[in-house]
Every structure is written in C-alpha cells, then in structure tokens.
>>> print(open('query_38.csv').read())   # CSV, C-alpha atoms and all ligand atoms
chain,number,residue,atom,x,y,z
A,1244,MET,CA,46.4,-49.8,-65.9
A,1245,PRO,CA,47.2,-52.1,-63.0
A,1246,HIS,CA,47.9,-55.7,-63.4
A,1247,SER,CA,45.0,-58.0,-62.9
A,1248,GLN,CA,44.9,-60.4,-60.1
A,1249,THR,CA,45.1,-64.1,-60.9
A,1250,LEU,CA,42.1,-65.7,-59.4
A,1251,GLU,CA,42.3,-69.5,-58.9
A,1252,GLY,CA,40.0,-71.5,-61.1
A,1253,ASN,CA,39.0,-68.6,-63.3
A,1254,THR,CA,39.5,-69.2,-67.0
A,1255,GLY,CA,38.7,-65.7,-68.1
A,1256,LEU,CA,38.8,-62.3,-66.4
A,1257,VAL,CA,37.5,-58.9,-67.4
A,1258,THR,CA,39.3,-56.2,-65.3
A,1259,VAL,CA,37.6,-52.9,-65.2
A,1260,ASP,CA,39.6,-49.9,-63.9
A,1261,LEU,CA,36.9,-47.8,-62.3
A,1262,LYS,CA,39.4,-45.0,-61.6
A,1263,GLN,CA,40.2,-44.8,-65.3
A,1264,VAL,CA,36.5,-44.8,-66.2
A,1265,ALA,CA,36.0,-41.9,-63.8
A,1266,ALA,CA,39.1,-40.1,-65.2
A,1267,ASN,CA,37.8,-40.6,-68.8
A,1268,TRP,CA,34.5,-39.1,-67.9
A,1269,ARG,CA,36.2,-36.1,-66.2
A,1270,ALA,CA,38.4,-35.5,-69.2
A,1271,LEU,CA,35.4,-35.5,-71.5
A,1272,ALA,CA,33.5,-33.2,-69.1
A,1273,ALA,CA,36.5,-30.8,-69.1
A,1274,LEU,CA,36.6,-30.9,-72.9
A,1275,VAL,CA,33.0,-30.0,-73.3
A,1276,ASN,CA,32.7,-27.5,-70.5
A,1277,PRO,CA,30.5,-25.3,-70.2
A,1278,ALA,CA,28.2,-28.0,-71.7
A,1279,GLU,CA,27.1,-30.7,-69.3
A,1280,CYS,CA,28.6,-34.2,-69.7
A,1281,GLY,CA,26.2,-37.1,-69.2
A,1282,ALA,CA,27.0,-40.8,-69.4
A,1283,VAL,CA,25.4,-43.5,-71.5
A,1284,VAL,CA,25.2,-46.7,-69.4
A,1285,LYS,CA,22.9,-48.8,-71.6
A,1286,ALA,CA,23.5,-52.5,-72.1
A,1287,ASP,CA,24.9,-52.9,-68.6
A,1288,ALA,CA,27.4,-50.0,-69.1
A,1289,TYR,CA,28.5,-51.5,-72.4
A,1290,GLY,CA,29.0,-54.9,-70.7
A,1291,LEU,CA,31.2,-53.6,-67.8
A,1292,GLY,CA,28.6,-53.7,-65.1
A,1293,VAL,CA,26.2,-50.9,-64.3
A,1294,ALA,CA,26.2,-51.6,-60.6
A,1295,ARG,CA,29.9,-50.6,-60.3
A,1296,VAL,CA,30.1,-48.1,-63.2
A,1297,VAL,CA,27.2,-45.8,-62.2
A,1298,PRO,CA,28.4,-45.2,-58.6
A,1299,ALA,CA,31.9,-44.4,-59.9
A,1300,LEU,CA,30.6,-41.9,-62.4
A,1301,ARG,CA,28.2,-40.4,-59.9
A,1302,ALA,CA,31.2,-39.9,-57.5
A,1303,ALA,CA,33.1,-38.2,-60.4
A,1304,GLY,CA,30.2,-35.7,-60.8
A,1305,CYS,CA,28.0,-37.2,-63.5
A,1306,ALA,CA,24.3,-36.2,-62.9
A,1307,THR,CA,22.6,-37.4,-66.0
A,1308,PHE,CA,22.5,-41.0,-67.2
A,1309,PHE,CA,21.1,-42.5,-70.5
A,1310,VAL,CA,19.8,-46.0,-70.8
A,1311,ALA,CA,17.9,-47.8,-73.6
A,1312,THR,CA,15.1,-49.6,-71.8
A,1313,ALA,CA,12.7,-49.2,-68.8
A,1314,GLU,CA,14.3,-52.2,-67.1
A,1315,GLU,CA,17.7,-50.6,-67.4
A,1316,ALA,CA,16.2,-47.3,-66.0
A,1317,ALA,CA,14.9,-49.2,-62.9
A,1318,GLU,CA,18.4,-50.7,-62.5
A,1319,VAL,CA,20.1,-47.4,-62.6
A,1320,ARG,CA,17.5,-45.7,-60.4
A,1321,ALA,CA,18.2,-48.3,-57.7
A,1322,LEU,CA,21.8,-47.1,-57.7
A,1323,THR,CA,21.2,-43.4,-57.7
A,1324,ALA,CA,18.1,-41.7,-56.2
A,1325,GLU,CA,18.7,-38.2,-57.4
A,1326,SER,CA,20.3,-38.5,-60.9
A,1327,VAL,CA,18.4,-37.7,-64.1
A,1328,ILE,CA,17.8,-40.8,-66.2
A,1329,TYR,CA,16.7,-40.7,-69.9
A,1330,VAL,CA,15.4,-43.7,-71.7
A,1331,LEU,CA,16.6,-43.7,-75.3
A,1332,ASP,CA,14.2,-46.3,-76.7
A,1333,GLY,CA,11.3,-43.9,-75.7
A,1334,LEU,CA,8.0,-45.4,-74.8
A,1335,VAL,CA,7.1,-49.0,-75.6
A,1336,PRO,CA,3.2,-48.9,-75.7
A,1337,GLY,CA,1.9,-49.0,-72.2
A,1338,SER,CA,5.3,-48.5,-70.5
A,1339,ALA,CA,4.7,-44.8,-69.4
A,1340,PRO,CA,3.6,-45.7,-65.8
A,1341,GLN,CA,6.6,-48.0,-65.4
A,1342,LEU,CA,8.9,-45.1,-66.3
A,1343,ALA,CA,7.1,-42.7,-64.1
A,1344,GLU,CA,7.3,-45.2,-61.3
A,1345,VAL,CA,11.1,-45.0,-61.3
A,1346,GLY,CA,11.3,-41.3,-62.1
A,1347,ALA,CA,12.9,-41.9,-65.5
A,1348,ARG,CA,12.3,-39.6,-68.5
A,1349,PRO,CA,11.5,-41.1,-71.9
A,1350,ALA,CA,13.1,-39.8,-75.0
A,1351,LEU,CA,9.8,-39.4,-76.9
A,1352,ALA,CA,10.4,-40.5,-80.4
A,1353,THR,CA,6.9,-40.7,-82.1
A,1354,LEU,CA,3.7,-38.7,-81.9
A,1355,ASP,CA,2.1,-41.6,-80.1
A,1356,ASP,CA,4.9,-41.5,-77.6
A,1357,CYS,CA,4.1,-37.9,-77.0
A,1358,LEU,CA,0.4,-38.5,-76.6
A,1359,GLU,CA,0.9,-41.4,-74.2
A,1360,TRP,CA,3.2,-39.4,-72.0
A,1361,ALA,CA,0.8,-36.4,-72.1
A,1362,ALA,CA,-2.1,-38.7,-71.1
A,1363,LEU,CA,-0.1,-40.0,-68.2
A,1364,CYS,CA,0.7,-36.4,-67.1
A,1365,ASP,CA,-3.0,-35.5,-67.4
A,1366,SER,CA,-4.1,-38.5,-65.3
A,1367,ARG,CA,-1.6,-37.6,-62.6
A,1368,ASP,CA,-2.5,-33.9,-62.9
A,1369,ARG,CA,1.1,-32.8,-63.2
A,1370,VAL,CA,3.7,-32.2,-66.0
A,1371,MET,CA,6.4,-34.9,-66.0
A,1372,ALA,CA,9.8,-34.3,-67.6
A,1373,ALA,CA,10.6,-36.0,-70.9
A,1374,ALA,CA,13.0,-35.5,-73.8
A,1375,LEU,CA,11.8,-34.9,-77.4
A,1376,HIS,CA,13.9,-37.1,-79.7
A,1377,ILE,CA,13.9,-35.6,-83.2
A,1378,ASP,CA,15.4,-37.4,-86.2
A,1379,THR,CA,17.6,-35.1,-88.3
A,1380,GLY,CA,18.8,-37.6,-90.9
A,1381,LEU,CA,19.8,-40.8,-89.2
A,1382,ASN,CA,16.4,-42.1,-90.1
A,1383,ARG,CA,16.4,-44.6,-87.3
A,1384,LEU,CA,14.4,-43.3,-84.3
A,1385,GLY,CA,12.8,-40.0,-83.5
A,1386,LEU,CA,10.2,-37.4,-84.5
A,1387,SER,CA,10.3,-36.4,-88.2
A,1388,ALA,CA,10.3,-32.8,-89.4
A,1389,ALA,CA,6.6,-33.3,-90.2
A,1390,ASP,CA,5.9,-34.6,-86.7
A,1391,VAL,CA,7.7,-31.6,-85.2
A,1392,THR,CA,5.6,-29.2,-87.4
A,1393,ALA,CA,2.4,-31.0,-86.3
A,1394,LEU,CA,3.3,-30.8,-82.7
A,1395,ALA,CA,4.3,-27.1,-82.9
A,1396,ALA,CA,1.1,-26.2,-84.8
A,1397,ASP,CA,-1.1,-27.6,-82.1
A,1398,GLY,CA,1.1,-26.7,-79.2
A,1399,SER,CA,-1.3,-28.1,-76.6
A,1400,VAL,CA,0.9,-31.2,-76.0
A,1401,PHE,CA,3.7,-29.0,-74.8
A,1402,ASN,CA,1.5,-27.6,-72.1
A,1403,ARG,CA,0.8,-31.1,-70.8
A,1404,ILE,CA,4.3,-32.6,-70.7
A,1405,GLY,CA,7.5,-31.1,-69.4
A,1406,VAL,CA,10.0,-30.9,-72.2
A,1407,SER,CA,13.4,-31.0,-70.3
A,1408,LEU,CA,15.6,-31.8,-73.4
A,1409,VAL,CA,15.5,-31.7,-77.1
A,1410,MET,CA,17.8,-34.3,-78.6
A,1411,SER,CA,18.9,-35.8,-81.9
A,1412,HIS,CA,21.6,-38.3,-83.0
A,1413,LEU,CA,24.3,-38.0,-85.7
A,1414,ALA,CA,24.9,-40.6,-88.4
A,1415,CYS,CA,28.5,-39.9,-89.4
A,1416,ALA,CA,30.1,-38.2,-86.5
A,1417,ASP,CA,33.0,-40.7,-86.6
A,1418,VAL,CA,34.1,-39.1,-89.8
A,1419,PRO,CA,34.7,-35.4,-89.0
A,1420,GLY,CA,34.8,-34.2,-92.6
A,1421,ASP,CA,31.5,-35.9,-93.6
A,1422,ALA,CA,29.1,-33.3,-95.0
A,1423,LYS,CA,26.2,-35.0,-93.2
A,1424,ASN,CA,27.4,-33.7,-89.8
A,1425,ARG,CA,26.8,-30.1,-90.8
A,1426,GLN,CA,23.5,-30.9,-92.5
A,1427,GLN,CA,22.2,-32.6,-89.3
A,1428,LEU,CA,23.5,-29.7,-87.2
A,1429,LEU,CA,21.5,-27.2,-89.3
A,1430,ALA,CA,18.4,-29.4,-89.3
A,1431,PHE,CA,18.6,-29.7,-85.5
A,1432,GLU,CA,18.9,-26.0,-85.1
A,1433,GLN,CA,15.9,-25.4,-87.4
A,1434,LEU,CA,13.6,-27.9,-85.8
A,1435,ARG,CA,14.6,-26.9,-82.3
A,1436,ALA,CA,13.5,-23.3,-83.2
A,1437,ALA,CA,10.0,-24.6,-83.8
A,1438,LEU,CA,9.8,-26.2,-80.3
A,1439,PRO,CA,9.5,-24.6,-76.9
A,1440,PRO,CA,12.8,-23.5,-75.4
A,1441,ALA,CA,14.6,-26.4,-73.7
A,1442,PRO,CA,18.2,-27.6,-73.2
A,1443,ALA,CA,19.5,-29.4,-76.3
A,1444,SER,CA,21.7,-32.5,-76.9
A,1445,LEU,CA,23.2,-33.7,-80.2
A,1446,ALA,CA,26.5,-35.4,-79.6
A,1447,ALA,CA,27.7,-38.8,-78.5
A,1448,SER,CA,31.4,-39.8,-77.9
A,1449,ASP,CA,32.4,-39.0,-81.5
A,1450,GLY,CA,30.1,-35.9,-82.1
A,1451,LEU,CA,31.4,-34.1,-79.0
A,1452,MET,CA,34.8,-33.9,-80.6
A,1453,LEU,CA,33.5,-32.2,-83.8
A,1454,GLY,CA,33.7,-28.9,-82.0
A,1455,ALA,CA,31.8,-26.6,-79.7
A,1456,ASP,CA,28.9,-26.2,-82.2
A,1457,TYR,CA,27.9,-29.8,-81.7
A,1458,ARG,CA,27.9,-29.8,-77.9
A,1459,PHE,CA,24.8,-27.7,-77.1
A,1460,ASP,CA,23.8,-28.0,-73.4
A,1461,LEU,CA,24.5,-31.7,-72.8
A,1462,VAL,CA,26.6,-34.4,-74.5
A,1463,ARG,CA,25.9,-38.1,-74.3
A,1464,PRO,CA,29.2,-40.1,-74.5
A,1465,GLY,CA,29.2,-43.9,-73.8
A,1466,TYR,CA,32.0,-45.7,-75.6
A,1467,ALA,CA,34.7,-43.1,-74.9
A,1468,ILE,CA,34.0,-43.2,-71.1
A,1469,TYR,CA,34.9,-46.9,-71.3
A,1470,GLY,CA,38.2,-46.1,-73.0
A,1471,GLY,CA,37.2,-46.6,-76.6
A,1472,GLN,CA,38.3,-44.3,-79.4
A,1473,PRO,CA,35.1,-43.6,-81.3
A,1474,SER,CA,36.4,-41.3,-84.1
A,1475,ARG,CA,38.3,-42.5,-87.1
A,1476,GLU,CA,40.5,-39.4,-87.1
A,1477,LEU,CA,40.2,-37.4,-83.9
A,1478,VAL,CA,41.7,-38.8,-80.6
A,1479,ALA,CA,39.5,-38.6,-77.6
A,1480,PRO,CA,41.3,-37.6,-74.3
A,1481,VAL,CA,40.7,-41.0,-72.8
A,1482,GLN,CA,42.7,-44.1,-71.9
A,1483,PRO,CA,41.9,-47.8,-72.0
A,1484,ALA,CA,39.9,-48.9,-68.9
A,1485,VAL,CA,39.2,-52.6,-69.7
A,1486,ARG,CA,41.5,-55.6,-69.9
A,1487,VAL,CA,40.3,-59.0,-70.9
A,1488,GLN,CA,42.4,-62.1,-70.1
A,1489,ALA,CA,42.0,-65.8,-70.6
A,1490,ARG,CA,43.9,-68.8,-69.3
A,1491,VAL,CA,46.2,-71.1,-71.3
A,1492,LEU,CA,45.0,-74.6,-70.7
A,1493,GLN,CA,47.6,-76.5,-72.7
A,1494,VAL,CA,50.6,-75.9,-74.9
A,1495,ARG,CA,51.4,-78.6,-77.5
A,1496,GLU,CA,54.1,-79.2,-80.1
A,1497,LEU,CA,53.0,-80.0,-83.6
A,1498,ALA,CA,54.8,-81.1,-86.7
A,1499,ALA,CA,54.6,-79.7,-90.2
A,1500,GLY,CA,51.4,-80.9,-91.8
A,1501,ASP,CA,49.4,-81.2,-88.6
A,1502,SER,CA,46.1,-79.3,-88.7
A,1503,VAL,CA,44.5,-77.4,-85.8
A,1504,GLY,CA,40.9,-77.3,-84.7
A,1505,TYR,CA,37.4,-77.9,-86.3
A,1506,GLY,CA,37.4,-78.2,-90.1
A,1507,ALA,CA,41.2,-78.5,-90.1
A,1508,VAL,CA,41.3,-75.0,-91.7
A,1509,TRP,CA,44.8,-74.2,-90.6
A,1510,THR,CA,47.8,-76.5,-91.0
A,1511,CYS,CA,51.3,-76.0,-89.6
A,1512,GLY,CA,53.9,-75.2,-92.3
A,1513,THR,CA,56.6,-76.1,-89.9
A,1514,ARG,CA,57.2,-77.5,-86.4
A,1515,SER,CA,54.9,-75.3,-84.3
A,1516,ARG,CA,54.0,-74.6,-80.7
A,1517,ILE,CA,50.3,-74.1,-80.2
A,1518,ALA,CA,48.7,-72.7,-77.0
A,1519,THR,CA,45.0,-73.6,-76.3
A,1520,VAL,CA,43.3,-70.7,-74.5
A,1521,ALA,CA,40.0,-70.9,-72.5
A,1522,ALA,CA,38.0,-68.3,-74.5
A,1523,GLY,CA,35.7,-68.8,-77.5
A,1524,TYR,CA,32.7,-67.4,-79.2
A,1525,GLY,CA,30.7,-68.3,-76.1
A,1526,ASP,CA,32.7,-65.7,-74.3
A,1527,GLY,CA,32.2,-63.1,-77.0
A,1528,PHE,CA,35.5,-63.8,-78.9
A,1529,ALA,CA,34.0,-63.7,-82.4
A,1530,ARG,CA,34.2,-66.8,-84.6
A,1531,SER,CA,35.2,-64.4,-87.5
A,1532,MET,CA,38.6,-64.1,-85.8
A,1533,SER,CA,39.4,-67.7,-86.8
A,1534,GLY,CA,42.8,-68.1,-88.6
A,1535,VAL,CA,43.0,-70.0,-91.8
A,1536,ASN,CA,46.3,-70.5,-93.8
A,1537,GLY,CA,47.2,-67.3,-95.5
A,1538,GLU,CA,44.6,-65.3,-93.6
A,1539,LEU,CA,45.2,-64.7,-89.9
A,1540,ARG,CA,42.7,-62.4,-88.2
A,1541,GLY,CA,42.4,-62.6,-84.4
A,1542,GLN,CA,45.4,-62.1,-82.1
A,1543,VAL,CA,46.1,-62.4,-78.4
A,1544,SER,CA,49.0,-60.8,-76.5
A,1545,PHE,CA,51.4,-62.4,-74.0
A,1546,ARG,CA,53.5,-60.0,-72.0
A,1547,GLY,CA,53.1,-57.4,-74.8
A,1548,ARG,CA,54.0,-59.7,-77.7
A,1549,LEU,CA,51.3,-60.7,-80.2
A,1550,ALA,CA,50.4,-64.2,-81.3
A,1551,PRO,CA,47.9,-65.1,-84.0
A,1552,VAL,CA,44.8,-67.2,-83.6
A,1553,VAL,CA,45.2,-70.3,-85.8
A,1554,GLY,CA,42.3,-72.6,-86.7
A,1555,ARG,CA,38.7,-72.0,-85.9
A,1556,VAL,CA,37.4,-70.2,-82.9
A,1557,SER,CA,35.2,-72.7,-81.1
A,1558,MET,CA,32.6,-72.1,-78.3
A,1559,ASP,CA,35.0,-72.3,-75.4
A,1560,LEU,CA,38.5,-72.5,-76.9
A,1561,ILE,CA,40.9,-70.8,-79.2
A,1562,THR,CA,44.2,-72.0,-80.5
A,1563,VAL,CA,47.2,-69.6,-80.8
A,1564,ASP,CA,50.5,-70.0,-82.6
A,1565,VAL,CA,53.2,-69.1,-80.0
A,1566,THR,CA,56.1,-70.7,-81.8
A,1567,HIS,CA,57.9,-67.3,-82.4
A,1568,LEU,CA,57.8,-66.5,-78.6
A,1569,GLY,CA,60.2,-69.4,-77.9
A,1570,ASP,CA,61.0,-69.8,-74.2
A,1571,GLY,CA,59.3,-66.5,-73.5
A,1572,GLY,CA,55.9,-68.0,-74.6
A,1573,PRO,CA,53.1,-68.8,-72.3
A,1574,ASN,CA,52.8,-72.0,-70.2
A,1575,ARG,CA,49.8,-73.9,-68.8
A,1576,GLY,CA,48.0,-71.6,-66.3
A,1577,ASP,CA,49.3,-68.3,-67.7
A,1578,PHE,CA,46.9,-65.6,-68.7
A,1579,VAL,CA,47.0,-64.1,-72.2
A,1580,ASP,CA,45.4,-60.8,-73.1
A,1581,LEU,CA,42.5,-60.7,-75.5
A,1582,ILE,CA,42.1,-57.0,-75.0
A,1583,GLY,CA,44.7,-55.0,-73.1
A,1584,PRO,CA,48.2,-53.7,-73.6
A,1585,GLY,CA,49.0,-53.6,-77.3
A,1586,LEU,CA,45.5,-54.9,-78.2
A,1587,THR,CA,43.0,-52.0,-78.3
A,1588,LEU,CA,39.2,-52.5,-78.6
A,1589,GLU,CA,39.4,-51.0,-82.0
A,1590,ALA,CA,42.1,-53.4,-83.2
A,1591,VAL,CA,40.1,-56.4,-81.9
A,1592,GLY,CA,36.9,-55.1,-83.5
A,1593,GLN,CA,38.7,-54.7,-86.8
A,1594,ALA,CA,40.2,-58.2,-86.6
A,1595,GLY,CA,36.7,-59.6,-86.1
A,1596,GLY,CA,35.1,-57.6,-88.9
A,1597,THR,CA,33.2,-55.5,-86.4
A,1598,ILE,CA,33.7,-52.5,-84.0
A,1599,GLY,CA,35.0,-52.2,-80.5
A,1600,TYR,CA,31.5,-51.4,-79.2
A,1601,GLU,CA,30.3,-54.9,-80.2
A,1602,VAL,CA,33.4,-56.5,-78.7
A,1603,LEU,CA,32.7,-54.8,-75.4
A,1604,THR,CA,29.0,-55.5,-75.2
A,1605,ARG,CA,29.4,-59.2,-76.2
A,1606,LEU,CA,31.8,-60.1,-73.4
A,1607,SER,CA,30.0,-62.9,-71.7
A,1608,ARG,CA,29.0,-63.4,-68.1
A,1609,ARG,CA,31.3,-66.4,-68.0
A,1610,PHE,CA,34.3,-64.1,-67.7
A,1611,HIS,CA,34.6,-63.1,-64.1
A,1612,ARG,CA,34.4,-59.3,-63.6
A,1613,HIS,CA,37.1,-57.8,-61.5
A,1614,TYR,CA,37.1,-54.2,-60.5
A,1615,VAL,CA,40.1,-52.1,-59.5
A,1616,GLY,CA,40.5,-48.4,-58.6
A,1701,LIG,C1,24.3,-45.3,-77.7
A,1701,LIG,C2,23.9,-43.9,-77.9
A,1701,LIG,C3,24.8,-42.9,-77.4
A,1701,LIG,C4,26.2,-43.1,-77.0
A,1701,LIG,O1,27.0,-43.4,-78.1
A,1701,LIG,P1,28.6,-43.6,-77.9
A,1701,LIG,O2,29.1,-43.6,-79.3
A,1701,LIG,O3,28.8,-44.8,-77.2
A,1701,LIG,O4,29.1,-42.4,-77.2
A,1701,LIG,C5,24.3,-41.6,-77.5
A,1701,LIG,N1,23.1,-41.3,-78.0
A,1701,LIG,C6,22.3,-42.2,-78.5
A,1701,LIG,C7,20.9,-41.8,-79.0
A,1701,LIG,C8,22.7,-43.6,-78.4
A,1701,LIG,O5,21.8,-44.5,-78.9
>>> encode(input="query_38.csv", output="structure tokens")
Amino acid sequence: MPHSQTLEGNTGLVTVDLKQVAANWRALAALVNPAECGAVVKADAYGLGVARVVPALRAAGCATFFVATAEEAAEVRALTAESVIYVLDGLVPGSAPQLAEVGARPALATLDDCLEWAALCDSRDRVMAAALHIDTGLNRLGLSAADVTALAADGSVFNRIGVSLVMSHLACADVPGDAKNRQQLLAFEQLRAALPPAPASLAASDGLMLGADYRFDLVRPGYAIYGGQPSRELVAPVQPAVRVQARVLQVRELAAGDSVGYGAVWTCGTRSRIATVAAGYGDGFARSMSGVNGELRGQVSFRGRLAPVVGRVSMDLITVDVTHLGDGGPNRGDFVDLIGPGLTLEAVGQAGGTIGYEVLTRLSRRFHRHYVG
C-alpha cells in the first residue's frame, strides 16, 4: 500500500487504503459468485470510518450492508439512499419505528422481535422487510429451534411481515475442520425448510471460505474486507488495507541496570537505545503488549525492521528497544509502524493476547484518519 503522508503535529496516523478495501470486497464477491456479497460495516466499519468506507464499497458494487444498531443504520442510510441495510442486533424494545424511519431491516432474533415488527407492519398496513435470525448452535442471539417451530405452526406472523432473509451465524468457522461447522449447516438447512421460502445467509468472512455449501444466497464478510485474515488455516484473497503509525518523540541512551517505565518492569541488560513513541492504551495499543524482562510481547516496525516494546505500555506512550537497529534506527519525529508492513493485524492481536478484530475496533479517535485511493 502507498506510503502515508507525514502530517505536521500529528502523533498518530491511521491510513486506510480505500482502493484496497474495494479490491478486497471485489475479490470476495468474485470468490462467492453467484452468491451475493454484502458488507458488514458495524462499529464504524471496524473503526476505519463508515463515512468513507460505505461510499467506496457502494462504488465497488456492494448493495447490502449490515450494521449492529439502529443508530449505525441511520448513519449508513445517510450515506446511501438505495442500499439494503440489515440491523444485526435485531429489535431493542420500542425501536421498530426508528428502524422503519430509515428503511432498515431488523434481523429479528426473538419471538417478541417478530411480534413487535408484525405489529408495526399492521399499524402501517403494509408488510415491511426483515430478516429472521435463527440460532443454529452459537447460542448467542437468534430464534431457537422451538421458536421456529412455534412460528411455523401459527404461520400468521409470516403474512404480516416480509421475510427478506433467513440468516444464522457460525461458531467455529475459523477452524475449517471443526465438526460444528457441518452440524450448524445441517441445522440451518432443516430450520429453513420449516420457514417460508426466502434468500438465506450463513457465512461471515471465515465461513465463506468453507466452500460453496456455506454461501447460500448472501455472504456477510466484515473483517476480510478490511484486509484481515479471519481463518486459522485458509487464506482469504485479500491484502492489508490499514496502516497505523505513531511518532517517535525522543530517543535516549541508557546504561546496563537502568529500568524503563512504570513499575520498572524492564531493565536494560546492556547499554541500550530506547525510543519513546506517542501511542499507548489510550490509542488502543493494548497494555497487555508491555514488555518485561524475559517476556517481550508487543513490537513496532521501523522501515521493515521489528523492535520490541520494553517496559509498560502507558496511556499515551510506549518505549521501544531500538539498540539493534544502530544508525538505521528511528530519530525524533520519525514514524514507526504499529500495524503495517511486516506487522499484520493477526500478529498484533496475538502479541496482545487478543485478535485483529479487537485491535482494529479499538483504534482511538486520537489517531488522525487519513484516506488514500
Ligand atoms: C460481525 C458479524 C459478521 C461479520 O463477521 P466477520 O468475521 O468480520 O466477517 C457477520 N455476521 C454476524 C451475525 C456478525 O455479528
């Protein structure tokens, strides 16, 4: 991806390559063809900025967006008048009119969700589209098998609402060989058969790579569009689209025995050069990436060469051992990469004891967002 611009006064920079985001979506769309490829843009497009990501995806051909909340649906609607928008959290009690207002479709997840949406349709004297979200074994959100049986036995609710999608979500799709994938696929096919015919959706970024069986009519990738690799074994046809950089504020020479940072949890074994970088847990750089003697976790990269975080991550600052970089190391004012060439989202997630998804969505507003492409 292109080199980021250095903006004066900025301590941290998130560079989003919108061309790569669009290319990733197109690659996924080609992979799942003839199924439709939607885009999950919840949590402000995984922290990258929905206002820029949605228009880019729309221009690439995406027609169906998924968000988590009614507020997010309104935000996306303001960016695209004609796209289909599904709300994955379903109906918070009383929120049906708010969703109808912006022409968003709830993913109805409980019997009460279904009844509330049906009542709204009755009151407006028209059927309004919604998804039925059925739980096939994740046991998190969605209609149970018993709920589906009850709905199917009555049948009247289906005449009142417009079921435009039947969806479910996989628990273990990041592990292709997990037996739970096939169990959920079978449960989904069985429950779907009890419902009125409607397009179906089961797979997110990882599930869509499990094969054509899992793609049905519509897939719902999020993470892979933003360049993440969601599967532990299968490689998604996408490239990184996000680079995160932070500024070096000071470089200091320390002697053997000197400690670094809060709690003095890391001590130099030898004469060392330490760069202090303007990023911390207040920016989403996890405190769990602190480096103690004998156990280094977080890393940054300078011109493609890695350097370990030493000492505690504090709110605004990290300290990095750049001794081994010698004269090629960073100086005051240089940017180092926190995520970028040689430092994937997955590697950063693993270093912090979490996943790339959390790394992305935690990037703070303090980092300036810069868009290219
Ligand atoms: C977040 C979410 C997705 C997208 O998941 P990715 O792994 O980011 O592709 C799809 N479906 C549901 C129900 C979700 O909650």
>>> residues_near_ligand(input="query_38.csv", ligand="ligand LIG 1701 (chain A)", cutoff="10 Å", atoms="all atoms listed in the file", output="count of residues only")
46
>>> atom_distance(input="query_38.csv", atom1="CA of Leu1358 (chain A)", atom2="CA of Ala1414 (chain A)")
27.3 Å
>>> closest_residue(input="query_38.csv", among="A:Ala1522, A:Val1591, A:Ser1399, A:Thr1307", to="Arg1540 (chain A)", atoms="only C-alpha atoms")
A:Val1591
>>> residues_near_point(input="query_38.csv", point="(1.3, -38.3, -85.5)", cutoff="8 Å", atoms="only C-alpha atoms", output="ChimeraX atom specification")
/A:1353-1355,1390,1393
>>> atom_distance(input="query_38.csv", atom1="CA of Ala1489 (chain A)", atom2="CA of Tyr1524 (chain A)")
12.8 Å
>>> atom_distance(input="query_38.csv", atom1="CA of Ala1372 (chain A)", atom2="CA of Ala1313 (chain A)")
15.2 Å
>>> residues_around(input="query_38.csv", residues="Arg1495 (chain A)", least_positions_apart="4", cutoff="8 Å", atoms="all atoms listed in the file", output="VMD selection string")
chain A and resid 1516 to 1518
>>> closest_residue(input="query_38.csv", among="A:Gly1541, A:Gly1592, A:Pro1298, A:Gly1405", to="Pro1440 (chain A)", atoms="only C-alpha atoms")
A:Gly1405
>>> residues_around(input="query_38.csv", residues="Phe1459 (chain A)", least_positions_apart="2", cutoff="7 Å", atoms="all atoms listed in the file", output="JSON, numbers by chain")
{"A": [1278, 1443, 1444, 1445, 1456, 1457, 1461]}
>>> residues_around(input="query_38.csv", residues="region 1373-1375 of chain A", least_positions_apart="6", cutoff="7 Å", atoms="only C-alpha atoms", output="number ranges by chain")
A: 1348-1352, 1405-1410
>>> write_last_selection(input="query_38.csv", atoms="C-alpha atoms", output="tab-separated table (two decimals), in the frame of the given file")
chain	number	residue	atom	x	y	z
A	1348	ARG	CA	12.30	-39.60	-68.50
A	1349	PRO	CA	11.50	-41.10	-71.90
A	1350	ALA	CA	13.10	-39.80	-75.00
A	1351	LEU	CA	9.80	-39.40	-76.90
A	1352	ALA	CA	10.40	-40.50	-80.40
A	1405	GLY	CA	7.50	-31.10	-69.40
A	1406	VAL	CA	10.00	-30.90	-72.20
A	1407	SER	CA	13.40	-31.00	-70.30
A	1408	LEU	CA	15.60	-31.80	-73.40
A	1409	VAL	CA	15.50	-31.70	-77.10
A	1410	MET	CA	17.80	-34.30	-78.60
>>> axis_aligned_box(input="query_38.csv", around="region 1600-1609 of chain A", padding_each_side="6 Å", output="JSON")
{"center_x": 31.2, "center_y": -58.9, "center_z": -74.1, "size_x": 16.4, "size_y": 27.0, "size_z": 24.2}
